[in-house]
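Note: the block below is input.cif and it holds mmCIF, C-alpha atoms and all ligand atoms.
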```cif
data_input
#
loop_
_atom_site.label_atom_id
_atom_site.label_comp_id
_atom_site.auth_asym_id
_atom_site.auth_seq_id
_atom_site.Cartn_x
_atom_site.Cartn_y
_atom_site.Cartn_z
CA MET A 1 23.83 120.46 97.17
CA ARG A 2 26.87 121.04 94.97
CA THR A 3 26.76 123.29 91.91
CA ILE A 4 28.89 122.23 88.97
CA VAL A 5 29.35 124.19 85.77
CA VAL A 6 30.05 121.91 82.80
CA THR A 7 31.38 123.96 79.88
CA GLY A 8 30.73 122.65 76.36
CA GLY A 9 27.92 120.42 77.65
CA ALA A 10 26.00 120.62 74.36
CA GLY A 11 28.87 119.07 72.42
CA PHE A 12 29.72 115.43 71.81
CA ILE A 13 31.54 114.41 75.01
CA GLY A 14 30.04 117.18 77.16
CA SER A 15 26.48 115.97 76.52
CA HIS A 16 27.38 112.47 77.74
CA VAL A 17 29.05 113.95 80.83
CA VAL A 18 26.03 116.17 81.60
CA ARG A 19 23.61 113.24 81.18
CA LEU A 20 25.65 111.00 83.47
CA LEU A 21 25.96 113.63 86.22
CA VAL A 22 22.31 114.77 86.05
CA ASN A 23 21.02 111.19 86.29
CA LYS A 24 23.52 109.89 88.82
CA TYR A 25 23.62 112.82 91.27
CA PRO A 26 20.15 114.27 91.93
CA ASN A 27 21.66 116.34 94.75
CA TYR A 28 24.05 118.17 92.37
CA ARG A 29 22.97 121.15 90.28
CA ILE A 30 24.46 120.78 86.82
CA ILE A 31 24.76 124.00 84.82
CA ASN A 32 25.62 123.50 81.18
CA LEU A 33 27.45 126.60 79.88
CA ASP A 34 27.76 126.46 76.11
CA LYS A 35 28.08 129.02 73.32
CA LEU A 36 26.30 126.69 70.87
CA THR A 37 28.86 126.96 68.10
CA TYR A 38 28.38 124.80 65.01
CA ALA A 39 29.38 121.82 67.23
CA GLY A 40 26.93 122.50 70.06
CA ASN A 41 23.49 120.92 69.83
CA LEU A 42 20.86 121.00 72.58
CA GLU A 43 19.08 118.13 70.85
CA ASN A 44 21.82 115.95 72.38
CA LEU A 45 20.26 116.56 75.80
CA LYS A 46 16.52 116.32 75.04
CA ASP A 47 16.05 113.41 77.45
CA ILE A 48 17.27 115.35 80.50
CA GLU A 49 16.43 118.99 79.69
CA GLN A 50 13.46 118.99 82.09
CA ALA A 51 15.37 117.45 85.01
CA PRO A 52 15.05 119.63 88.14
CA ASN A 53 18.83 119.58 88.76
CA TYR A 54 19.75 120.72 85.22
CA LYS A 55 20.06 124.21 83.76
CA PHE A 56 21.34 125.47 80.41
CA VAL A 57 23.08 128.83 80.07
CA LYS A 58 24.03 130.08 76.62
CA GLY A 59 27.35 131.86 76.84
CA ASP A 60 30.95 132.17 75.78
CA ILE A 61 33.80 131.09 78.09
CA CYS A 62 35.72 134.15 76.83
CA ASP A 63 33.04 136.47 78.28
CA ALA A 64 34.45 137.41 81.72
CA ALA A 65 31.41 139.51 82.70
CA LEU A 66 29.03 136.64 82.00
CA LEU A 67 31.20 134.21 83.97
CA ASP A 68 31.43 136.68 86.86
CA LYS A 69 27.66 136.95 87.04
CA LEU A 70 27.20 133.19 86.72
CA PHE A 71 29.58 132.46 89.60
CA ASP A 72 27.89 135.14 91.80
CA GLU A 73 24.33 134.03 91.08
CA GLU A 74 24.84 130.27 91.15
CA ASN A 75 27.42 129.85 93.90
CA VAL A 76 29.57 127.61 91.72
CA ASP A 77 31.56 124.90 93.55
CA ALA A 78 33.30 123.25 90.62
CA VAL A 79 33.96 123.52 86.90
CA ILE A 80 34.29 120.61 84.49
CA HIS A 81 35.76 122.33 81.46
CA LEU A 82 35.16 120.71 78.08
CA ALA A 83 34.29 123.71 75.88
CA ALA A 84 36.76 123.92 73.03
CA GLU A 85 37.27 124.09 69.33
CA SER A 86 38.01 120.40 68.80
CA HIS A 87 38.62 119.56 65.14
CA VAL A 88 42.23 119.33 63.91
CA ASP A 89 41.35 120.05 60.26
CA ARG A 90 39.54 123.27 61.21
CA SER A 91 42.57 124.29 63.29
CA ILE A 92 44.70 124.03 60.17
CA THR A 93 42.43 126.31 58.12
CA ASN A 94 41.53 128.71 60.96
CA PRO A 95 43.91 128.59 63.96
CA MET A 96 42.77 131.88 65.53
CA GLU A 97 39.47 130.53 66.84
CA PHE A 98 41.41 127.78 68.59
CA ILE A 99 43.68 130.29 70.26
CA GLN A 100 40.69 132.35 71.34
CA THR A 101 38.47 129.60 72.75
CA ASN A 102 40.98 127.03 73.92
CA ILE A 103 43.60 129.37 75.39
CA VAL A 104 41.94 132.74 76.08
CA GLY A 105 38.67 131.03 77.09
CA THR A 106 40.42 128.70 79.53
CA VAL A 107 42.41 131.47 81.16
CA THR A 108 39.27 133.63 81.44
CA LEU A 109 37.55 130.78 83.29
CA LEU A 110 40.60 130.21 85.50
CA ASN A 111 40.67 133.92 86.43
CA VAL A 112 37.03 133.95 87.43
CA ALA A 113 37.32 130.71 89.45
CA LYS A 114 40.41 132.07 91.20
CA SER A 115 38.87 135.43 92.06
CA LYS A 116 35.42 134.13 93.07
CA TRP A 117 36.82 131.32 95.21
CA ALA A 118 39.37 133.84 96.53
CA GLY A 119 41.75 131.45 98.22
CA ASN A 120 38.94 129.66 100.07
CA TYR A 121 39.32 126.48 98.08
CA GLU A 122 37.56 124.03 100.43
CA GLY A 123 35.24 121.84 98.29
CA LYS A 124 36.24 123.64 95.08
CA LEU A 125 37.69 122.07 91.93
CA PHE A 126 38.64 123.14 88.41
CA TYR A 127 38.67 120.01 86.22
CA HIS A 128 40.19 120.52 82.78
CA VAL A 129 39.36 117.94 80.11
CA SER A 130 42.16 117.57 77.59
CA THR A 131 43.49 115.34 74.88
CA ASP A 132 46.35 112.87 74.33
CA GLU A 133 47.29 114.94 71.24
CA VAL A 134 49.29 117.27 73.52
CA TYR A 135 51.96 114.54 73.72
CA GLY A 136 52.63 114.68 69.98
CA SER A 137 53.04 111.70 67.70
CA LEU A 138 54.38 108.21 68.48
CA GLY A 139 56.38 105.93 66.22
CA GLU A 140 55.34 102.33 65.77
CA THR A 141 55.98 101.44 69.42
CA GLY A 142 55.61 103.08 72.83
CA PHE A 143 52.83 104.80 74.74
CA PHE A 144 51.90 108.18 76.17
CA TYR A 145 52.36 108.30 79.97
CA GLU A 146 51.32 111.10 82.32
CA ASN A 147 54.95 112.25 82.44
CA THR A 148 55.56 112.12 78.67
CA SER A 149 56.87 115.51 77.53
CA TYR A 150 54.44 117.71 75.71
CA ASP A 151 55.15 117.96 71.97
CA PRO A 152 51.99 119.26 70.25
CA ARG A 153 52.17 119.46 66.47
CA SER A 154 48.86 120.89 65.24
CA PRO A 155 47.29 124.26 66.09
CA TYR A 156 44.56 122.28 67.89
CA SER A 157 46.93 120.26 70.05
CA ALA A 158 49.18 123.29 70.67
CA SER A 159 46.17 125.26 71.91
CA LYS A 160 45.11 122.39 74.19
CA ALA A 161 48.68 122.02 75.47
CA SER A 162 48.77 125.76 76.27
CA SER A 163 45.52 125.46 78.20
CA ASP A 164 46.86 122.45 80.17
CA HIS A 165 49.97 124.48 81.09
CA LEU A 166 47.86 127.44 82.21
CA VAL A 167 45.69 125.20 84.40
CA MET A 168 48.81 123.79 86.09
CA ALA A 169 50.29 127.31 86.38
CA TYR A 170 47.18 128.48 88.30
CA HIS A 171 47.54 125.45 90.55
CA HIS A 172 51.20 126.03 91.33
CA THR A 173 51.07 129.83 91.50
CA PHE A 174 47.71 130.48 93.14
CA GLY A 175 46.93 127.13 94.80
CA LEU A 176 43.81 126.60 92.67
CA PRO A 177 42.62 122.99 93.12
CA VAL A 178 42.80 121.41 89.68
CA VAL A 179 42.82 118.07 87.96
CA ILE A 180 43.47 117.32 84.27
CA SER A 181 42.69 114.28 82.17
CA ASN A 182 44.13 113.56 78.72
CA CYS A 183 42.02 111.17 76.70
CA SER A 184 42.45 109.35 73.40
CA ASN A 185 40.03 109.57 70.43
CA ASN A 186 36.37 109.14 71.38
CA TYR A 187 33.60 107.60 69.29
CA GLY A 188 29.91 107.01 69.86
CA PRO A 189 26.47 108.66 69.56
CA ASN A 190 26.19 112.44 68.99
CA GLN A 191 29.64 113.00 67.50
CA PHE A 192 29.67 115.80 64.96
CA PRO A 193 29.96 114.27 61.46
CA GLU A 194 33.17 116.12 60.54
CA LYS A 195 35.08 113.49 62.59
CA LEU A 196 36.19 110.26 60.96
CA ILE A 197 33.68 107.67 62.24
CA PRO A 198 30.37 109.57 61.85
CA LEU A 199 31.64 111.06 58.57
CA ALA A 200 32.32 107.57 57.19
CA ILE A 201 28.95 106.22 58.40
CA ASN A 202 27.11 109.13 56.79
CA ASN A 203 28.97 108.81 53.50
CA ILE A 204 28.43 105.05 53.30
CA LYS A 205 24.73 105.56 54.00
CA LYS A 206 24.52 108.01 51.10
CA GLY A 207 26.79 106.04 48.77
CA ASN A 208 29.38 108.86 48.76
CA PRO A 209 33.19 108.41 48.71
CA ILE A 210 34.85 107.72 52.09
CA PRO A 211 37.86 110.08 52.20
CA VAL A 212 40.93 108.39 53.73
CA TYR A 213 43.88 110.72 54.31
CA GLY A 214 47.24 109.59 52.90
CA LYS A 215 47.61 105.81 52.92
CA GLY A 216 45.23 105.29 55.85
CA GLU A 217 48.12 104.06 57.98
CA ASN A 218 47.81 106.53 60.83
CA ILE A 219 46.84 104.92 64.12
CA ARG A 220 44.37 106.14 66.73
CA ASP A 221 43.39 104.62 70.09
CA TRP A 222 39.56 104.65 70.21
CA LEU A 223 37.41 104.86 73.35
CA TYR A 224 33.60 104.69 73.59
CA VAL A 225 32.38 108.12 74.72
CA VAL A 226 30.31 106.79 77.64
CA ASP A 227 33.45 105.18 79.06
CA HIS A 228 35.18 108.57 78.85
CA ALA A 229 32.25 110.14 80.73
CA ARG A 230 32.55 107.41 83.42
CA ALA A 231 36.25 108.17 83.73
CA ILE A 232 35.54 111.92 84.06
CA ASP A 233 33.07 111.16 86.87
CA LEU A 234 35.75 109.15 88.69
CA VAL A 235 38.55 111.67 88.19
CA PHE A 236 36.24 114.49 89.29
CA HIS A 237 35.38 112.72 92.55
CA ARG A 238 38.58 110.84 93.35
CA GLY A 239 41.39 112.39 91.31
CA LYS A 240 44.22 113.89 93.37
CA ASN A 241 44.61 117.66 93.46
CA GLY A 242 47.20 118.87 90.92
CA GLU A 243 47.44 115.56 89.06
CA THR A 244 46.94 114.39 85.52
CA TYR A 245 45.22 111.16 84.45
CA ASN A 246 45.55 109.54 81.04
CA ILE A 247 42.40 107.86 79.71
CA GLY A 248 42.42 105.38 76.83
CA GLY A 249 40.93 102.13 75.67
CA HIS A 250 43.98 100.01 74.70
CA ASN A 251 42.25 99.92 71.36
CA GLU A 252 44.56 100.94 68.53
CA TRP A 253 43.39 100.89 64.93
CA LYS A 254 44.98 101.88 61.64
CA ASN A 255 42.46 104.22 60.00
CA ILE A 256 42.07 101.97 56.97
CA ASP A 257 41.40 98.87 59.09
CA LEU A 258 38.85 100.75 61.15
CA ILE A 259 37.09 101.96 58.01
CA LYS A 260 36.97 98.40 56.67
CA VAL A 261 35.30 97.17 59.87
CA LEU A 262 32.77 99.98 59.57
CA CYS A 263 32.15 99.06 55.93
CA LYS A 264 31.37 95.44 56.86
CA ILE A 265 28.93 96.46 59.61
CA MET A 266 27.23 98.99 57.31
CA ASP A 267 26.81 96.44 54.48
CA LYS A 268 25.15 94.05 56.93
CA LYS A 269 22.87 96.67 58.49
CA MET A 270 21.86 98.11 55.11
CA ASN A 271 21.33 94.65 53.55
CA LYS A 272 23.95 95.30 50.89
CA ALA A 273 26.30 92.74 49.32
CA GLU A 274 29.64 92.45 51.14
CA GLY A 275 32.16 94.83 49.53
CA THR A 276 29.61 97.50 48.58
CA ALA A 277 30.76 100.01 51.17
CA GLU A 278 34.47 99.19 50.73
CA SER A 279 34.22 100.22 47.08
CA LEU A 280 33.57 103.77 48.33
CA ILE A 281 37.01 104.06 49.99
CA THR A 282 38.89 106.92 48.34
CA TYR A 283 42.47 107.87 49.23
CA VAL A 284 42.84 111.67 49.35
CA LYS A 285 45.63 114.15 50.02
CA ASP A 286 47.09 113.70 53.49
CA ARG A 287 46.40 116.10 56.36
CA ALA A 288 49.25 118.61 56.83
CA GLY A 289 51.48 117.52 59.73
CA HIS A 290 49.38 114.37 60.21
CA ASP A 291 50.40 112.71 63.53
CA LEU A 292 51.27 109.06 62.87
CA ARG A 293 50.14 107.32 66.03
CA TYR A 294 48.50 107.98 69.39
CA ALA A 295 48.39 105.34 72.13
CA ILE A 296 47.61 105.84 75.81
CA ASP A 297 48.98 103.98 78.79
CA ALA A 298 46.03 104.13 81.20
CA THR A 299 47.64 102.21 84.07
CA LYS A 300 47.42 105.13 86.51
CA ILE A 301 43.64 105.61 86.29
CA GLU A 302 43.13 101.83 86.27
CA LYS A 303 45.28 101.25 89.38
CA GLU A 304 44.48 104.39 91.38
CA LEU A 305 40.82 104.88 90.55
CA GLY A 306 39.76 101.40 89.39
CA TRP A 307 38.57 102.56 85.95
CA THR A 308 38.45 100.21 82.97
CA PRO A 309 36.50 100.58 79.73
CA SER A 310 33.15 98.78 79.98
CA LEU A 311 32.68 98.15 76.26
CA GLN A 312 34.76 96.10 73.86
CA PHE A 313 35.31 97.88 70.53
CA GLU A 314 33.19 95.38 68.53
CA GLU A 315 30.19 96.13 70.74
CA GLY A 316 30.83 99.88 70.86
CA ILE A 317 31.16 100.34 67.12
CA GLU A 318 28.04 98.25 66.46
CA LYS A 319 26.06 100.39 68.94
CA THR A 320 27.45 103.54 67.32
CA VAL A 321 26.42 102.51 63.80
CA GLU A 322 22.96 101.58 65.07
CA TRP A 323 22.60 104.96 66.78
CA TYR A 324 23.42 106.88 63.58
CA LEU A 325 21.08 104.71 61.51
CA ASN A 326 18.26 105.17 64.05
CA ASN A 327 18.80 108.91 64.38
CA THR A 328 18.79 109.99 60.77
CA SER A 329 16.93 113.23 61.53
CA TRP A 330 19.69 114.28 64.02
CA LEU A 331 22.27 113.68 61.31
CA GLU A 332 20.25 115.23 58.47
CA ARG A 333 19.70 118.48 60.36
CA ILE A 334 23.46 118.83 60.90
CA VAL A 335 24.71 117.89 57.46
CA SER A 336 22.67 120.56 55.72
CA GLY A 337 23.52 124.26 55.36
CA GLU A 338 26.73 125.39 57.06
CA TYR A 339 28.15 121.87 57.20
CA GLU A 340 27.66 121.31 53.49
CA LYS A 341 29.74 124.42 52.80
CA TYR A 342 32.50 123.19 55.16
CA TYR A 343 32.47 119.75 53.55
CA LYS A 344 32.88 121.16 50.05
CA GLU A 345 35.77 123.41 51.09
CA GLN A 346 37.50 120.64 53.01
CA TYR A 347 37.18 117.81 50.50
CA THR A 348 36.75 119.06 46.94
CA THR A 349 40.31 120.36 46.80
CA ARG A 350 41.90 117.18 48.18
P1 LIG B 401 32.77 119.24 70.39
O1 LIG B 401 33.41 120.07 69.33
O2 LIG B 401 31.81 118.18 70.01
O3 LIG B 401 32.02 120.18 71.45
C1 LIG B 401 32.57 121.37 71.92
C2 LIG B 401 31.46 122.15 72.65
O4 LIG B 401 32.02 123.36 73.16
C3 LIG B 401 30.30 122.56 71.73
O5 LIG B 401 29.06 122.31 72.37
C4 LIG B 401 30.51 124.06 71.53
O6 LIG B 401 29.30 124.78 71.31
C5 LIG B 401 31.17 124.44 72.85
N1 LIG B 401 31.99 125.67 72.73
C6 LIG B 401 32.92 125.93 71.77
N2 LIG B 401 33.45 127.15 71.99
C7 LIG B 401 32.85 127.65 73.10
C8 LIG B 401 32.99 128.86 73.83
N3 LIG B 401 33.84 129.82 73.44
N4 LIG B 401 32.23 129.05 74.94
C9 LIG B 401 31.36 128.08 75.34
N5 LIG B 401 31.17 126.93 74.68
C10 LIG B 401 31.92 126.71 73.57
O7 LIG B 401 33.99 118.65 71.23
P2 LIG B 401 34.16 117.22 71.93
O8 LIG B 401 34.66 116.26 70.94
O9 LIG B 401 32.94 116.93 72.71
O10 LIG B 401 35.36 117.56 72.93
C11 LIG B 401 35.11 118.09 74.22
C12 LIG B 401 36.42 118.30 74.95
O11 LIG B 401 37.11 117.06 75.07
C13 LIG B 401 37.39 119.25 74.24
O12 LIG B 401 38.01 120.05 75.21
C14 LIG B 401 38.38 118.33 73.55
O13 LIG B 401 39.63 118.94 73.42
C15 LIG B 401 38.42 117.16 74.52
N6 LIG B 401 38.74 115.85 73.92
C16 LIG B 401 38.06 115.40 72.83
C17 LIG B 401 38.34 114.12 72.29
C18 LIG B 401 37.57 113.57 71.11
O14 LIG B 401 37.93 112.50 70.62
N7 LIG B 401 36.52 114.20 70.65
C19 LIG B 401 39.33 113.34 72.88
C20 LIG B 401 40.02 113.84 74.01
C21 LIG B 401 39.70 115.10 74.53
P1 LIG B 402 39.61 112.80 63.49
O1 LIG B 402 38.31 112.09 63.73
O2 LIG B 402 39.58 114.14 62.83
O3 LIG B 402 40.40 112.84 64.90
P2 LIG B 402 41.93 113.32 65.23
O4 LIG B 402 42.51 114.00 64.07
O5 LIG B 402 41.72 114.24 66.39
O6 LIG B 402 42.65 112.06 65.61
O7 LIG B 402 40.53 111.85 62.61
C1 LIG B 402 40.86 110.54 63.01
C2 LIG B 402 41.86 109.98 62.02
O8 LIG B 402 41.21 109.82 60.75
C3 LIG B 402 43.04 110.91 61.75
O9 LIG B 402 44.21 110.10 61.55
C4 LIG B 402 42.68 111.61 60.45
C5 LIG B 402 41.86 110.58 59.72
N1 LIG B 402 40.78 111.11 58.82
C6 LIG B 402 40.67 110.63 57.52
O10 LIG B 402 41.46 109.77 57.08
N2 LIG B 402 39.66 111.13 56.73
C7 LIG B 402 38.78 112.07 57.19
O11 LIG B 402 37.90 112.51 56.40
C8 LIG B 402 38.90 112.55 58.53
C9 LIG B 402 37.97 113.57 59.09
C10 LIG B 402 39.93 112.02 59.32
#
```
Would you give me this structure, written as structure tokens?
Ligand code: NAD
Ligand code: TYD
Amino acid sequence: MRTIVVTGGAGFIGSHVVRLLVNKYPNYRIINLDKLTYAGNLENLKDIEQAPNYKFVKGDICDAALLDKLFDEENVDAVIHLAAESHVDRSITNPMEFIQTNIVGTVTLLNVAKSKWAGNYEGKLFYHVSTDEVYGSLGETGFFYENTSYDPRSPYSASKASSDHLVMAYHHTFGLPVVISNCSNNYGPNQFPEKLIPLAINNIKKGNPIPVYGKGENIRDWLYVVDHARAIDLVFHRGKNGETYNIGGHNEWKNIDLIKVLCKIMDKKMNKAEGTAESLITYVKDRAGHDLRYAIDATKIEKELGWTPSLQFEEGIEKTVEWYLNNTSWLERIVSGEYEKYYKEQYTTR
């Protein structure tokens, strides 16, 4: 029996990680520690909430007393740390929450792991899940490698970069066993609809404008979320102590081209004439400090751990659209209330 705390397990990627671990490892206890911020949603885990090896704990990673008690009571062997404020646009309007959760929260967790494991690190691991955005912005060519210098440019990526540095500092200074992975943009079921793909699907469904920042020429490298969860499973079990692994799908898209693919799929699925959804594309004011291009070189995880993405983009995006169209109540519950207020503030001034 191994007890693993997954932080942020009610969020987009965390829920896929929790599901994979609960189903694949009946002899592990998976404890999902999540504050349930606007981005956390226990509905994401309905199918496994009754599993005997799963437990949910509502709590904040900044709450040292709560973490202390959790580690004492549950005999925690490992942490897979995903809890974070994760949306770049929100980090531009409200950076402080990013500093608090992503930096202070991570160091609070590190302190508790260090003191509870107290130098007896046999079988222990602190796995920090991070982003490729810590490497900054690429020009038209080149890739991010594990040894690319950090050059974060948004409050979000700067807070994630700080947390990566702190994790490595605890490894080098205190010997804490750690591993970090830096992944490219994820897409798939259960993503909060403030992010580009679910936002566009929802707006097309409703016949609302699809806001494209700037000229739509920024490039992202998209990976299906279940493939990220598979990579996390591999890195957790076979990643080398103190190392970093880049994860990405070799799947670069200009935002505008990606939106056009989505438009075509949506027209087909909604039985609309071709071009209906594309007519909703609306160019809006660019994001401040908008990184031009992200692209991951994933050779290390492919060669060392044998990971490759299982889904081609065409299949993944089709599955994603189907999921959002089949789960309208999930989406409707989120896009009311608080979210509506956010949406108005974010987009009416652009
Ligand atoms: P998300 O915003 O969907 O989920 C974050 C989760 O963390 C939510 O369930 C939220 O309730 C929880 N949380 C937030 N603050 C907390 C706190 N103080 N204490 C406890 N729980 C808290 O995020 P996501 O997209 O699933 O991203 C998960 C992780 O993966 C993040 O660390 C992010 O930086 C990283 N990442 C994301 C992407 C991506 O494309 N989404 C890509 C690479 C890396
Ligand atoms: P996002 O999903 O917010 O991820 P990230 O900023 O972490 O890469 O955005 C993906 C890309 O889409 C990014 O270049 C910004 C752009 N974008 C838009 O053009 N319009 C939108 O409404 C949003 C949310 C994003």
Using all atoms listed in the file, what does the table of chain A residues within 8 Å of ligand LIG 402 (chain B) look like, with each row giving the shortest atom pair and its distance in Å to one decimal, sorted by chain and ascending number, as a tab-separated table?
```
residue	atom	partner	partner_atom	distance
A:Ser86	CA	B:LIG402	O5	7.6
A:His87	CA	B:LIG402	O2	6.0
A:Val88	CA	B:LIG402	O4	5.3
A:Asp89	CA	B:LIG402	O2	6.7
A:Glu133	CA	B:LIG402	O5	7.4
A:Asn185	CA	B:LIG402	O6	6.0
A:Glu194	CA	B:LIG402	C9	5.6
A:Lys195	CA	B:LIG402	O1	3.7
A:Leu196	CA	B:LIG402	O1	3.9
A:Ile197	CA	B:LIG402	O1	6.6
A:Leu199	CA	B:LIG402	O11	6.8
A:Ala200	CA	B:LIG402	O11	7.5
A:Ile210	CA	B:LIG402	O11	7.1
A:Pro211	CA	B:LIG402	O11	4.9
A:Val212	CA	B:LIG402	O10	3.7
A:Tyr213	CA	B:LIG402	O10	3.8
A:Gly214	CA	B:LIG402	O10	7.1
A:Gly216	CA	B:LIG402	O10	6.0
A:Asn218	CA	B:LIG402	O9	5.1
A:Ile219	CA	B:LIG402	O9	6.4
A:Arg220	CA	B:LIG402	O6	6.3
A:Asn255	CA	B:LIG402	O8	5.8
A:Ile256	CA	B:LIG402	O10	7.8
A:Asp286	CA	B:LIG402	O10	7.7
A:Arg287	CA	B:LIG402	C4	7.1
A:His290	CA	B:LIG402	O9	6.8
A:Asp291	CA	B:LIG402	O9	7.0
A:Leu292	CA	B:LIG402	O9	7.3
A:Arg293	CA	B:LIG402	O9	7.9
A:Tyr347	CA	B:LIG402	O11	8.0
```
Take the selection from the previous step and output its residues with C-alpha atoms, as a compact mmCIF listing (two decimals), in the frame of the given file.
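Final output, saved to out39.txt:
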```txt
# COMPACT_ATOMS: atom_id res chain seq x y z
CA SER A 86 38.01 120.40 68.80
CA HIS A 87 38.62 119.56 65.14
CA VAL A 88 42.23 119.33 63.91
CA ASP A 89 41.35 120.05 60.26
CA GLU A 133 47.29 114.94 71.24
CA ASN A 185 40.03 109.57 70.43
CA GLU A 194 33.17 116.12 60.54
CA LYS A 195 35.08 113.49 62.59
CA LEU A 196 36.19 110.26 60.96
CA ILE A 197 33.68 107.67 62.24
CA LEU A 199 31.64 111.06 58.57
CA ALA A 200 32.32 107.57 57.19
CA ILE A 210 34.85 107.72 52.09
CA PRO A 211 37.86 110.08 52.20
CA VAL A 212 40.93 108.39 53.73
CA TYR A 213 43.88 110.72 54.31
CA GLY A 214 47.24 109.59 52.90
CA GLY A 216 45.23 105.29 55.85
CA ASN A 218 47.81 106.53 60.83
CA ILE A 219 46.84 104.92 64.12
CA ARG A 220 44.37 106.14 66.73
CA ASN A 255 42.46 104.22 60.00
CA ILE A 256 42.07 101.97 56.97
CA ASP A 286 47.09 113.70 53.49
CA ARG A 287 46.40 116.10 56.36
CA HIS A 290 49.38 114.37 60.21
CA ASP A 291 50.40 112.71 63.53
CA LEU A 292 51.27 109.06 62.87
CA ARG A 293 50.14 107.32 66.03
CA TYR A 347 37.18 117.81 50.50
```
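Each of A:Ala277, A:Ala288, A:Leu223, A:Leu125 was compared to Ile201 of chain A using all atoms listed in the file, and A:Ala277 turns out to be the nearest.
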All residues within 7 Å of ligand LIG 401 (chain B) are required, counting all atoms listed in the file; please report them as a PyMOL selection string.
chain A and resi 7-14+33-41+59-62+82-87+101+105+129-132+160+182-187+191-192
Would you pick out the contacts of Ser163 of chain A at 7 Å or less, using all atoms listed in the file, so that residues sharing its chain but fewer than 3 positions from it are not included, and give the list as an MDAnalysis selection string?
chainID A and resid 102:103 106 159:160 166:167
Residues within 12 Å of Ile301 of chain A, please, as a compact mmCIF listing (two decimals) with C-alpha atoms, in the frame of the given file. Count all atoms listed in the file; anything in the same chain fewer than 3 positions from it doesn't count.
```txt
# COMPACT_ATOMS: atom_id res chain seq x y z
CA TYR A 145 52.36 108.30 79.97
CA GLU A 146 51.32 111.10 82.32
CA ILE A 180 43.47 117.32 84.27
CA SER A 181 42.69 114.28 82.17
CA ASN A 182 44.13 113.56 78.72
CA CYS A 183 42.02 111.17 76.70
CA HIS A 228 35.18 108.57 78.85
CA ARG A 230 32.55 107.41 83.42
CA ALA A 231 36.25 108.17 83.73
CA ILE A 232 35.54 111.92 84.06
CA ASP A 233 33.07 111.16 86.87
CA LEU A 234 35.75 109.15 88.69
CA VAL A 235 38.55 111.67 88.19
CA PHE A 236 36.24 114.49 89.29
CA ARG A 238 38.58 110.84 93.35
CA GLY A 239 41.39 112.39 91.31
CA LYS A 240 44.22 113.89 93.37
CA GLU A 243 47.44 115.56 89.06
CA THR A 244 46.94 114.39 85.52
CA TYR A 245 45.22 111.16 84.45
CA ASN A 246 45.55 109.54 81.04
CA ILE A 247 42.40 107.86 79.71
CA GLY A 248 42.42 105.38 76.83
CA GLY A 249 40.93 102.13 75.67
CA ILE A 296 47.61 105.84 75.81
CA ASP A 297 48.98 103.98 78.79
CA ALA A 298 46.03 104.13 81.20
CA GLU A 304 44.48 104.39 91.38
CA LEU A 305 40.82 104.88 90.55
CA GLY A 306 39.76 101.40 89.39
CA TRP A 307 38.57 102.56 85.95
CA THR A 308 38.45 100.21 82.97
CA PRO A 309 36.50 100.58 79.73
```
